[in-house]
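Reproduced below: entry-v6.tsv, with TSV, C-alpha atoms.
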chain	number	residue	atom	x	y	z
E	1	GLU	CA	0.00	0.00	0.00
E	2	THR	CA	1.11	3.54	-0.76
E	3	GLY	CA	-0.14	5.16	2.44
E	4	VAL	CA	-2.27	7.59	0.43
E	5	THR	CA	-5.92	7.46	1.45
E	6	GLN	CA	-8.99	9.00	-0.15
E	7	SER	CA	-12.56	9.51	0.95
E	8	PRO	CA	-15.26	8.76	0.19
E	9	THR	CA	-14.83	5.60	-1.88
E	10	HIS	CA	-17.95	6.20	-3.92
E	11	LEU	CA	-20.23	9.18	-4.33
E	12	ILE	CA	-23.41	9.90	-6.28
E	13	LYS	CA	-24.45	13.48	-7.04
E	14	THR	CA	-26.85	15.20	-9.38
E	15	ARG	CA	-26.13	17.82	-12.02
E	16	GLY	CA	-25.53	21.29	-10.61
E	17	GLN	CA	-24.50	20.10	-7.16
E	18	GLN	CA	-21.13	20.62	-5.54
E	19	VAL	CA	-18.78	17.93	-4.25
E	20	THR	CA	-15.70	17.77	-2.01
E	21	LEU	CA	-13.26	14.90	-2.19
E	22	ARG	CA	-10.52	14.34	0.39
E	23	CYS	CA	-7.01	12.96	0.34
E	24	SER	CA	-4.43	12.19	3.01
E	25	SER	CA	-0.88	12.13	1.73
E	26	GLN	CA	1.79	9.64	2.58
E	27	SER	CA	3.75	10.70	5.64
E	28	GLY	CA	6.47	13.19	4.79
E	29	HIS	CA	5.14	14.05	1.33
E	30	ASN	CA	4.43	17.78	1.00
E	31	THR	CA	3.15	17.70	-2.58
E	32	VAL	CA	-0.19	16.36	-3.73
E	33	SER	CA	-1.67	16.09	-7.21
E	34	TRP	CA	-5.21	15.38	-8.36
E	35	TYR	CA	-6.23	13.49	-11.51
E	36	GLN	CA	-9.49	12.70	-13.24
E	37	GLN	CA	-9.80	9.34	-14.96
E	38	ALA	CA	-12.77	8.70	-17.20
E	39	LEU	CA	-13.69	5.12	-17.97
E	40	GLY	CA	-11.24	3.50	-20.37
E	41	GLN	CA	-8.86	6.46	-20.43
E	42	GLY	CA	-5.62	7.40	-18.73
E	43	PRO	CA	-5.64	9.79	-15.77
E	44	GLN	CA	-5.77	13.49	-16.68
E	45	PHE	CA	-3.87	15.96	-14.52
E	46	ILE	CA	-6.10	18.50	-12.73
E	47	PHE	CA	-3.67	20.40	-10.47
E	48	GLN	CA	-0.87	20.05	-7.97
E	49	TYR	CA	-0.34	21.63	-4.56
E	50	TYR	CA	2.98	22.20	-2.84
E	51	ARG	CA	3.07	23.54	0.72
E	52	GLU	CA	-0.52	24.80	0.49
E	53	GLU	CA	-0.04	26.65	-2.82
E	54	GLU	CA	-1.24	25.59	-6.28
E	55	ASN	CA	1.89	24.59	-8.19
E	56	GLY	CA	0.62	23.62	-11.63
E	57	ARG	CA	-2.71	23.10	-13.33
E	58	GLY	CA	-4.02	21.06	-16.22
E	59	ASN	CA	-6.73	21.96	-18.69
E	60	PHE	CA	-9.65	22.05	-16.25
E	61	PRO	CA	-12.13	24.92	-15.70
E	62	PRO	CA	-12.12	27.08	-12.55
E	63	ARG	CA	-15.05	25.17	-11.07
E	64	PHE	CA	-12.41	22.58	-10.18
E	65	SER	CA	-10.59	23.98	-7.17
E	66	GLY	CA	-8.46	22.64	-4.39
E	67	LEU	CA	-6.94	23.16	-0.99
E	68	GLN	CA	-3.95	21.77	0.82
E	69	PHE	CA	-3.74	21.96	4.59
E	70	PRO	CA	-0.72	22.39	6.89
E	71	ASN	CA	-0.64	18.63	7.50
E	72	TYR	CA	-0.44	18.21	3.68
E	73	SER	CA	-3.86	16.61	3.37
E	74	SER	CA	-5.88	17.96	0.49
E	75	GLU	CA	-9.36	18.57	-0.89
E	76	LEU	CA	-10.70	18.69	-4.42
E	77	ASN	CA	-13.86	20.75	-4.87
E	78	VAL	CA	-16.01	20.64	-7.97
E	79	ASN	CA	-18.86	23.11	-8.38
E	80	ALA	CA	-21.82	22.99	-10.75
E	81	LEU	CA	-21.37	19.32	-11.50
E	82	GLU	CA	-21.89	18.12	-15.06
E	83	LEU	CA	-22.61	14.63	-16.33
E	84	ASP	CA	-19.11	14.46	-17.85
E	85	ASP	CA	-17.60	14.91	-14.40
E	86	SER	CA	-18.45	11.28	-13.69
E	87	ALA	CA	-15.06	9.62	-13.27
E	88	LEU	CA	-12.54	8.11	-10.90
E	89	TYR	CA	-10.71	10.92	-9.06
E	90	LEU	CA	-7.19	10.08	-8.02
E	91	CYS	CA	-4.93	11.75	-5.53
E	92	ALA	CA	-1.16	11.23	-5.60
E	93	SER	CA	1.49	12.35	-3.14
E	94	THR	CA	5.06	12.93	-4.23
E	95	SER	CA	8.32	11.55	-2.93
E	96	TRP	CA	11.17	13.88	-3.86
E	97	THR	CA	14.79	13.01	-4.45
E	98	ARG	CA	17.59	15.29	-5.54
E	99	ASP	CA	16.97	14.57	-9.23
E	100	THR	CA	13.37	13.55	-9.66
E	101	ASP	CA	10.03	12.83	-8.09
E	102	THR	CA	7.79	9.77	-7.86
E	103	GLN	CA	4.06	9.96	-7.37
E	104	TYR	CA	2.21	7.41	-5.24
E	105	PHE	CA	-1.49	7.11	-5.85
E	106	GLY	CA	-4.43	6.55	-3.57
E	107	PRO	CA	-7.28	4.16	-4.40
E	108	GLY	CA	-9.46	6.89	-5.86
E	109	THR	CA	-12.99	8.17	-5.38
E	110	ARG	CA	-15.61	7.06	-7.88
E	111	LEU	CA	-17.95	9.98	-8.61
E	112	THR	CA	-21.19	9.43	-10.47
E	113	VAL	CA	-23.18	12.46	-11.63
E	114	LEU	CA	-26.80	11.80	-12.54
W	1	LEU	CA	6.26	17.31	-21.95
W	2	ALA	CA	7.25	14.39	-24.12
W	3	LYS	CA	4.41	12.54	-25.83
W	4	THR	CA	4.46	8.80	-25.33
W	5	THR	CA	3.26	6.07	-27.67
W	6	GLN	CA	2.53	2.53	-26.49
W	7	PRO	CA	0.77	-0.45	-28.04
W	8	ILE	CA	-2.91	-0.42	-27.13
W	9	SER	CA	-2.98	-4.05	-26.09
W	10	MET	CA	-0.84	-7.17	-25.70
W	11	ASP	CA	-1.56	-10.82	-24.93
W	12	SER	CA	0.73	-13.26	-23.18
W	13	TYR	CA	0.66	-16.60	-21.39
W	14	GLU	CA	1.52	-17.46	-17.83
W	15	GLY	CA	5.22	-17.96	-17.24
W	16	GLN	CA	6.33	-15.95	-20.25
W	17	GLU	CA	8.43	-12.80	-20.21
W	18	VAL	CA	6.57	-9.72	-21.43
W	19	ASN	CA	8.23	-6.66	-22.91
W	20	ILE	CA	6.23	-3.48	-23.40
W	21	THR	CA	7.94	-0.73	-25.39
W	22	CYS	CA	7.15	2.94	-25.15
W	23	SER	CA	8.29	5.58	-27.68
W	24	HIS	CA	9.08	9.09	-26.50
W	25	ASN	CA	10.98	10.82	-29.30
W	26	ASN	CA	11.06	14.31	-27.81
W	27	ILE	CA	12.13	13.43	-24.29
W	28	ALA	CA	13.83	16.33	-22.51
W	29	THR	CA	17.15	16.20	-20.72
W	30	ASN	CA	15.55	16.45	-17.28
W	31	ASP	CA	12.79	13.92	-17.93
W	32	TYR	CA	12.63	10.61	-16.12
W	33	ILE	CA	10.75	7.54	-17.33
W	34	THR	CA	8.25	5.94	-14.97
W	35	TRP	CA	6.01	2.92	-15.42
W	36	TYR	CA	2.75	2.31	-13.57
W	37	GLN	CA	0.36	-0.63	-13.36
W	38	GLN	CA	-3.36	-0.09	-12.91
W	39	PHE	CA	-6.15	-2.52	-12.12
W	40	PRO	CA	-9.80	-1.59	-12.72
W	41	SER	CA	-11.17	0.99	-10.28
W	42	GLN	CA	-7.83	1.30	-8.46
W	43	GLY	CA	-5.12	3.95	-8.46
W	44	PRO	CA	-1.99	3.42	-10.58
W	45	ARG	CA	0.73	1.50	-8.79
W	46	PHE	CA	4.39	2.49	-9.21
W	47	ILE	CA	6.45	-0.24	-10.88
W	48	ILE	CA	9.82	1.21	-11.81
W	49	GLN	CA	11.57	4.43	-12.75
W	50	GLY	CA	14.78	5.19	-14.64
W	51	TYR	CA	16.80	7.79	-16.50
W	52	LYS	CA	19.13	5.77	-18.72
W	53	THR	CA	20.61	2.28	-19.23
W	54	LYS	CA	19.02	-0.48	-17.18
W	55	VAL	CA	17.16	-0.48	-13.89
W	56	THR	CA	15.97	-3.60	-12.11
W	57	ASN	CA	13.87	-4.12	-9.02
W	58	GLU	CA	12.07	-7.05	-7.47
W	59	VAL	CA	9.19	-6.99	-9.96
W	60	ALA	CA	10.49	-5.62	-13.27
W	61	SER	CA	13.36	-4.32	-15.38
W	62	LEU	CA	13.49	-1.13	-17.37
W	63	PHE	CA	15.73	-0.83	-20.41
W	64	ILE	CA	16.54	2.61	-21.79
W	65	PRO	CA	18.83	3.00	-24.84
W	66	ALA	CA	21.48	5.69	-25.02
W	67	ASP	CA	19.32	8.09	-27.08
W	68	ARG	CA	16.45	7.70	-24.51
W	69	LYS	CA	13.83	7.95	-27.27
W	70	SER	CA	12.22	4.72	-26.15
W	71	SER	CA	12.05	2.49	-23.11
W	72	THR	CA	11.06	-1.12	-22.52
W	73	LEU	CA	9.38	-2.50	-19.44
W	74	SER	CA	10.21	-6.17	-18.93
W	75	LEU	CA	8.04	-8.36	-16.72
W	76	PRO	CA	9.60	-11.76	-16.06
W	77	ARG	CA	7.38	-14.86	-15.86
W	78	VAL	CA	4.00	-13.15	-15.82
W	79	SER	CA	1.04	-14.61	-14.00
W	80	LEU	CA	-2.72	-14.13	-14.39
W	81	SER	CA	-2.60	-11.42	-11.73
W	82	ASP	CA	-0.40	-9.28	-14.00
W	83	THR	CA	-3.40	-8.66	-16.26
W	84	ALA	CA	-3.73	-4.87	-16.05
W	85	VAL	CA	-3.14	-1.60	-17.89
W	86	TYR	CA	0.47	-0.41	-17.96
W	87	TYR	CA	1.35	3.25	-18.39
W	88	CYS	CA	4.63	4.79	-19.48
W	89	LEU	CA	5.20	8.35	-18.32
W	90	VAL	CA	7.93	10.72	-19.34
W	91	ALA	CA	8.02	13.84	-17.22
W	92	GLY	CA	10.15	16.22	-15.25
W	93	PHE	CA	8.96	17.96	-12.14
W	94	HIS	CA	5.44	19.06	-11.16
W	95	ASP	CA	3.39	17.31	-13.81
W	96	MET	CA	2.65	13.93	-15.22
W	97	ARG	CA	0.54	13.25	-18.27
W	98	PHE	CA	-0.71	9.75	-18.87
W	99	GLY	CA	-1.31	8.32	-22.31
W	100	ALA	CA	-3.83	5.63	-23.08
W	101	GLY	CA	-1.63	2.84	-21.69
W	102	THR	CA	-1.16	-0.78	-22.77
W	103	ARG	CA	-3.74	-3.34	-21.75
W	104	LEU	CA	-1.89	-6.59	-20.98
W	105	THR	CA	-3.91	-9.79	-20.86
W	106	VAL	CA	-2.22	-12.87	-19.43
W	107	LYS	CA	-3.83	-16.15	-20.41
W	108	PRO	CA	-3.53	-19.53	-18.68

Translate this structure into structure tokens?
Amino acid sequence: ETGVTQSPTHLIKTRGQQVTLRCSSQSGHNTVSWYQQALGQGPQFIFQYYREEENGRGNFPPRFSGLQFPNYSSELNVNALELDDSALYLCASTSWTRDTDTQYFGPGTRLTVL
Amino acid sequence: LAKTTQPISMDSYEGQEVNITCSHNNIATNDYITWYQQFPSQGPRFIIQGYKTKVTNEVASLFIPADRKSSTLSLPRVSLSDTAVYYCLVAGFHDMRFGAGTRLTVKP
């Protein structure tokens, strides 16, 4: 196991609602990234947080927002949910070395928008 | 970021060695190559990472030629439980972009 946990495991929402997903990073990892994975596709990068600041963002609209807390846990918030937001949402925490980084993923949260 | 190209799918049999090759022609000097395994409805699992030449760990080997424009993940003696999607990622810091991956099916 990676030590990265996510909650909830599954979630069902309706169009227009708002949702908050949570992630606890592996101990000692100060960087967390969020990904969206639609069925049958590879994960798509949403954004990354480093020491509570957004540190990179993929091609996602502003209704996708995030937070990172002093203990390095993180939240992903999605407003005005759309049907296409139905996906597996993955959180990954980063282990840094001098030359590179390695991301370790949590089990994901399955979001269904009806 | 370097774009990666992998075969969409591969079949193998239990006990065989499987080699999955990834092309990344425009890899940058600072980019590392990382391979992940993913089972349905689970997060990707780190397999191996390298920069050049050969890297080996307890589950796989990674071969990277001198020009670094491709890499090959080698899985020795696969079993049914190795049936999964395998992703090759080429990235530097702060961002990772996954391609479509290679769906490996191991048959008895």

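Counting only C-alpha atoms and comparing E:Gln17, E:Gln37, E:Ser7, E:Ser27, the residue that lies closest to chain W is E:Gln37.
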
I need the contact residues of chain E against chain W, so if you could list those with any atom within 10 Å, counting all atoms listed in the file, and return them as a PyMOL selection string, that would help. chain E and resi 1-2+31-33+35+37+39-50+55-58+87-92+94+96+99-110

Create the file for the chosen residues now, containing C-alpha atoms and written as a JSON list (two decimals), in the coordinates of the input.
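Saved to selection06.json:
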[["chain", "number", "residue", "atom", "x", "y", "z"],
["E", 1, "GLU", "CA", 0.00, 0.00, 0.00],
["E", 2, "THR", "CA", 1.11, 3.54, -0.76],
["E", 31, "THR", "CA", 3.15, 17.70, -2.58],
["E", 32, "VAL", "CA", -0.19, 16.36, -3.73],
["E", 33, "SER", "CA", -1.67, 16.09, -7.21],
["E", 35, "TYR", "CA", -6.23, 13.49, -11.51],
["E", 37, "GLN", "CA", -9.80, 9.34, -14.96],
["E", 39, "LEU", "CA", -13.69, 5.12, -17.97],
["E", 40, "GLY", "CA", -11.24, 3.50, -20.37],
["E", 41, "GLN", "CA", -8.86, 6.46, -20.43],
["E", 42, "GLY", "CA", -5.62, 7.40, -18.73],
["E", 43, "PRO", "CA", -5.64, 9.79, -15.77],
["E", 44, "GLN", "CA", -5.77, 13.49, -16.68],
["E", 45, "PHE", "CA", -3.87, 15.96, -14.52],
["E", 46, "ILE", "CA", -6.10, 18.50, -12.73],
["E", 47, "PHE", "CA", -3.67, 20.40, -10.47],
["E", 48, "GLN", "CA", -0.87, 20.05, -7.97],
["E", 49, "TYR", "CA", -0.34, 21.63, -4.56],
["E", 50, "TYR", "CA", 2.98, 22.20, -2.84],
["E", 55, "ASN", "CA", 1.89, 24.59, -8.19],
["E", 56, "GLY", "CA", 0.62, 23.62, -11.63],
["E", 57, "ARG", "CA", -2.71, 23.10, -13.33],
["E", 58, "GLY", "CA", -4.02, 21.06, -16.22],
["E", 87, "ALA", "CA", -15.06, 9.62, -13.27],
["E", 88, "LEU", "CA", -12.54, 8.11, -10.90],
["E", 89, "TYR", "CA", -10.71, 10.92, -9.06],
["E", 90, "LEU", "CA", -7.19, 10.08, -8.02],
["E", 91, "CYS", "CA", -4.93, 11.75, -5.53],
["E", 92, "ALA", "CA", -1.16, 11.23, -5.60],
["E", 94, "THR", "CA", 5.06, 12.93, -4.23],
["E", 96, "TRP", "CA", 11.17, 13.88, -3.86],
["E", 99, "ASP", "CA", 16.97, 14.57, -9.23],
["E", 100, "THR", "CA", 13.37, 13.55, -9.66],
["E", 101, "ASP", "CA", 10.03, 12.83, -8.09],
["E", 102, "THR", "CA", 7.79, 9.77, -7.86],
["E", 103, "GLN", "CA", 4.06, 9.96, -7.37],
["E", 104, "TYR", "CA", 2.21, 7.41, -5.24],
["E", 105, "PHE", "CA", -1.49, 7.11, -5.85],
["E", 106, "GLY", "CA", -4.43, 6.55, -3.57],
["E", 107, "PRO", "CA", -7.28, 4.16, -4.40],
["E", 108, "GLY", "CA", -9.46, 6.89, -5.86],
["E", 109, "THR", "CA", -12.99, 8.17, -5.38],
["E", 110, "ARG", "CA", -15.61, 7.06, -7.88]]

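All residues of protein, DNA or RNA that reach within 8 Å of stretch 76-79 of chain W, judged by only C-alpha atoms and not counting those fewer than 3 positions away in the chain, are Tyr13, Glu14, Gly15, Gln16, Glu17, Val18, Val59, Ala60, Asp82, Thr83 and Val106 of chain W.
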
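Counting only C-alpha atoms and comparing E:Gly3, E:Asn59, E:His29, E:Glu53, the residue that lies closest to E:Asn71 is E:His29.
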
Gap from atom CA of W:Ser61 to atom CA of W:Asn26 - Å, one decimal: 22.5 Å

Residues within 9 Å of E:Pro62, please, as a ChimeraX atom specification. Count only C-alpha atoms; anything in the same chain fewer than 2 positions from it doesn't count. /E:60,64-65,78-79

Please write the residues from the selection above to a file, keeping C-alpha atoms, as an mmCIF file, in the coordinates of the input.
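So the final result, stored in result.cif, reads:
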data_model
loop_
_atom_site.group_PDB
_atom_site.id
_atom_site.type_symbol
_atom_site.label_atom_id
_atom_site.label_comp_id
_atom_site.auth_asym_id
_atom_site.auth_seq_id
_atom_site.Cartn_x
_atom_site.Cartn_y
_atom_site.Cartn_z
ATOM 1 C CA PHE E 60 -9.650 22.050 -16.250
ATOM 2 C CA PHE E 64 -12.410 22.580 -10.180
ATOM 3 C CA SER E 65 -10.590 23.980 -7.170
ATOM 4 C CA VAL E 78 -16.010 20.640 -7.970
ATOM 5 C CA ASN E 79 -18.860 23.110 -8.380
#

If we draw a sphere of 7 Å around (5.6, 6.6, -25.5), which residues have at least one atom in it when counting only C-alpha atoms? Please report them as a PyMOL selection string. chain W and resi 3-6+22-24+70+88

Could you give me stretch 44-55 of chain W completed to all heavy atoms, formatted as an mmCIF file, in the coordinates of the input?
data_model
loop_
_atom_site.group_PDB
_atom_site.id
_atom_site.type_symbol
_atom_site.label_atom_id
_atom_site.label_comp_id
_atom_site.auth_asym_id
_atom_site.auth_seq_id
_atom_site.Cartn_x
_atom_site.Cartn_y
_atom_site.Cartn_z
ATOM 1 N N PRO W 44 -3.212 3.980 -9.984
ATOM 2 C CA PRO W 44 -1.990 3.420 -10.580
ATOM 3 C C PRO W 44 -0.972 3.073 -9.513
ATOM 4 O O PRO W 44 -0.816 3.801 -8.537
ATOM 5 C CB PRO W 44 -1.493 4.563 -11.480
ATOM 6 C CG PRO W 44 -2.700 5.373 -11.791
ATOM 7 C CD PRO W 44 -3.544 5.304 -10.548
ATOM 8 N N ARG W 45 -0.282 1.969 -9.738
ATOM 9 C CA ARG W 45 0.730 1.500 -8.790
ATOM 10 C C ARG W 45 2.101 1.645 -9.414
ATOM 11 O O ARG W 45 2.329 1.157 -10.516
ATOM 12 C CB ARG W 45 0.466 0.049 -8.395
ATOM 13 C CG ARG W 45 1.427 -0.505 -7.349
ATOM 14 C CD ARG W 45 1.043 -1.923 -6.978
ATOM 15 N NE ARG W 45 1.389 -2.890 -8.006
ATOM 16 C CZ ARG W 45 2.517 -3.601 -8.039
ATOM 17 N NH1 ARG W 45 3.425 -3.427 -7.092
ATOM 18 N NH2 ARG W 45 2.730 -4.472 -9.001
ATOM 19 N N PHE W 46 3.018 2.293 -8.729
ATOM 20 C CA PHE W 46 4.390 2.490 -9.210
ATOM 21 C C PHE W 46 5.071 1.137 -9.415
ATOM 22 O O PHE W 46 5.036 0.270 -8.539
ATOM 23 C CB PHE W 46 5.169 3.330 -8.201
ATOM 24 C CG PHE W 46 6.637 3.470 -8.504
ATOM 25 C CD1 PHE W 46 7.062 4.428 -9.394
ATOM 26 C CD2 PHE W 46 7.565 2.639 -7.896
ATOM 27 C CE1 PHE W 46 8.426 4.560 -9.668
ATOM 28 C CE2 PHE W 46 8.923 2.766 -8.176
ATOM 29 C CZ PHE W 46 9.355 3.734 -9.061
ATOM 30 N N ILE W 47 5.698 0.993 -10.603
ATOM 31 C CA ILE W 47 6.450 -0.240 -10.880
ATOM 32 C C ILE W 47 7.944 0.044 -10.828
ATOM 33 O O ILE W 47 8.695 -0.589 -10.085
ATOM 34 C CB ILE W 47 6.099 -0.812 -12.262
ATOM 35 C CG1 ILE W 47 4.624 -1.139 -12.373
ATOM 36 C CG2 ILE W 47 6.935 -2.077 -12.524
ATOM 37 C CD1 ILE W 47 4.212 -1.569 -13.778
ATOM 38 N N ILE W 48 8.393 0.993 -11.662
ATOM 39 C CA ILE W 48 9.820 1.210 -11.810
ATOM 40 C C ILE W 48 10.067 2.570 -12.451
ATOM 41 O O ILE W 48 9.199 3.095 -13.155
ATOM 42 C CB ILE W 48 10.455 0.070 -12.648
ATOM 43 C CG1 ILE W 48 11.972 -0.011 -12.458
ATOM 44 C CG2 ILE W 48 10.064 0.180 -14.114
ATOM 45 C CD1 ILE W 48 12.570 -1.309 -12.998
ATOM 46 N N GLN W 49 11.216 3.132 -12.197
ATOM 47 C CA GLN W 49 11.570 4.430 -12.750
ATOM 48 C C GLN W 49 13.055 4.434 -13.128
ATOM 49 O O GLN W 49 13.881 3.826 -12.423
ATOM 50 C CB GLN W 49 11.308 5.540 -11.724
ATOM 51 C CG GLN W 49 11.555 6.953 -12.200
ATOM 52 C CD GLN W 49 11.251 7.975 -11.112
ATOM 53 O OE1 GLN W 49 11.958 8.075 -10.115
ATOM 54 N NE2 GLN W 49 10.180 8.709 -11.299
ATOM 55 N N GLY W 50 13.383 5.129 -14.237
ATOM 56 C CA GLY W 50 14.780 5.190 -14.640
ATOM 57 C C GLY W 50 15.077 6.416 -15.473
ATOM 58 O O GLY W 50 14.165 7.110 -15.953
ATOM 59 N N TYR W 51 16.359 6.670 -15.666
ATOM 60 C CA TYR W 51 16.800 7.790 -16.500
ATOM 61 C C TYR W 51 17.525 7.294 -17.748
ATOM 62 O O TYR W 51 17.278 7.776 -18.847
ATOM 63 C CB TYR W 51 17.701 8.720 -15.691
ATOM 64 C CG TYR W 51 18.124 9.952 -16.437
ATOM 65 C CD1 TYR W 51 17.263 11.043 -16.548
ATOM 66 C CD2 TYR W 51 19.379 10.029 -17.060
ATOM 67 C CE1 TYR W 51 17.642 12.180 -17.249
ATOM 68 C CE2 TYR W 51 19.754 11.156 -17.754
ATOM 69 C CZ TYR W 51 18.892 12.228 -17.847
ATOM 70 O OH TYR W 51 19.254 13.357 -18.551
ATOM 71 N N LYS W 52 18.431 6.350 -17.570
ATOM 72 C CA LYS W 52 19.130 5.770 -18.720
ATOM 73 C C LYS W 52 19.658 4.384 -18.349
ATOM 74 O O LYS W 52 19.622 3.995 -17.185
ATOM 75 C CB LYS W 52 20.261 6.669 -19.186
ATOM 76 C CG LYS W 52 21.339 6.918 -18.132
ATOM 77 C CD LYS W 52 22.407 7.846 -18.687
ATOM 78 C CE LYS W 52 23.444 8.168 -17.616
ATOM 79 N NZ LYS W 52 24.476 9.100 -18.139
ATOM 80 N N THR W 53 20.097 3.658 -19.315
ATOM 81 C CA THR W 53 20.610 2.280 -19.230
ATOM 82 C C THR W 53 19.556 1.337 -18.667
ATOM 83 O O THR W 53 18.441 1.331 -19.117
ATOM 84 C CB THR W 53 21.929 2.237 -18.424
ATOM 85 O OG1 THR W 53 21.690 2.635 -17.083
ATOM 86 C CG2 THR W 53 22.953 3.142 -19.050
ATOM 87 N N LYS W 54 19.919 0.564 -17.672
ATOM 88 C CA LYS W 54 19.020 -0.480 -17.180
ATOM 89 C C LYS W 54 18.801 -0.319 -15.677
ATOM 90 O O LYS W 54 19.727 -0.033 -14.930
ATOM 91 C CB LYS W 54 19.611 -1.848 -17.468
ATOM 92 C CG LYS W 54 18.773 -3.020 -16.944
ATOM 93 C CD LYS W 54 19.460 -4.350 -17.205
ATOM 94 C CE LYS W 54 18.688 -5.500 -16.576
ATOM 95 N NZ LYS W 54 19.368 -6.798 -16.792
ATOM 96 N N VAL W 55 17.531 -0.489 -15.299
ATOM 97 C CA VAL W 55 17.160 -0.480 -13.890
ATOM 98 C C VAL W 55 16.404 -1.757 -13.600
ATOM 99 O O VAL W 55 15.576 -2.172 -14.405
ATOM 100 C CB VAL W 55 16.283 0.739 -13.558
ATOM 101 C CG1 VAL W 55 15.907 0.737 -12.085
ATOM 102 C CG2 VAL W 55 16.977 2.033 -13.940
#
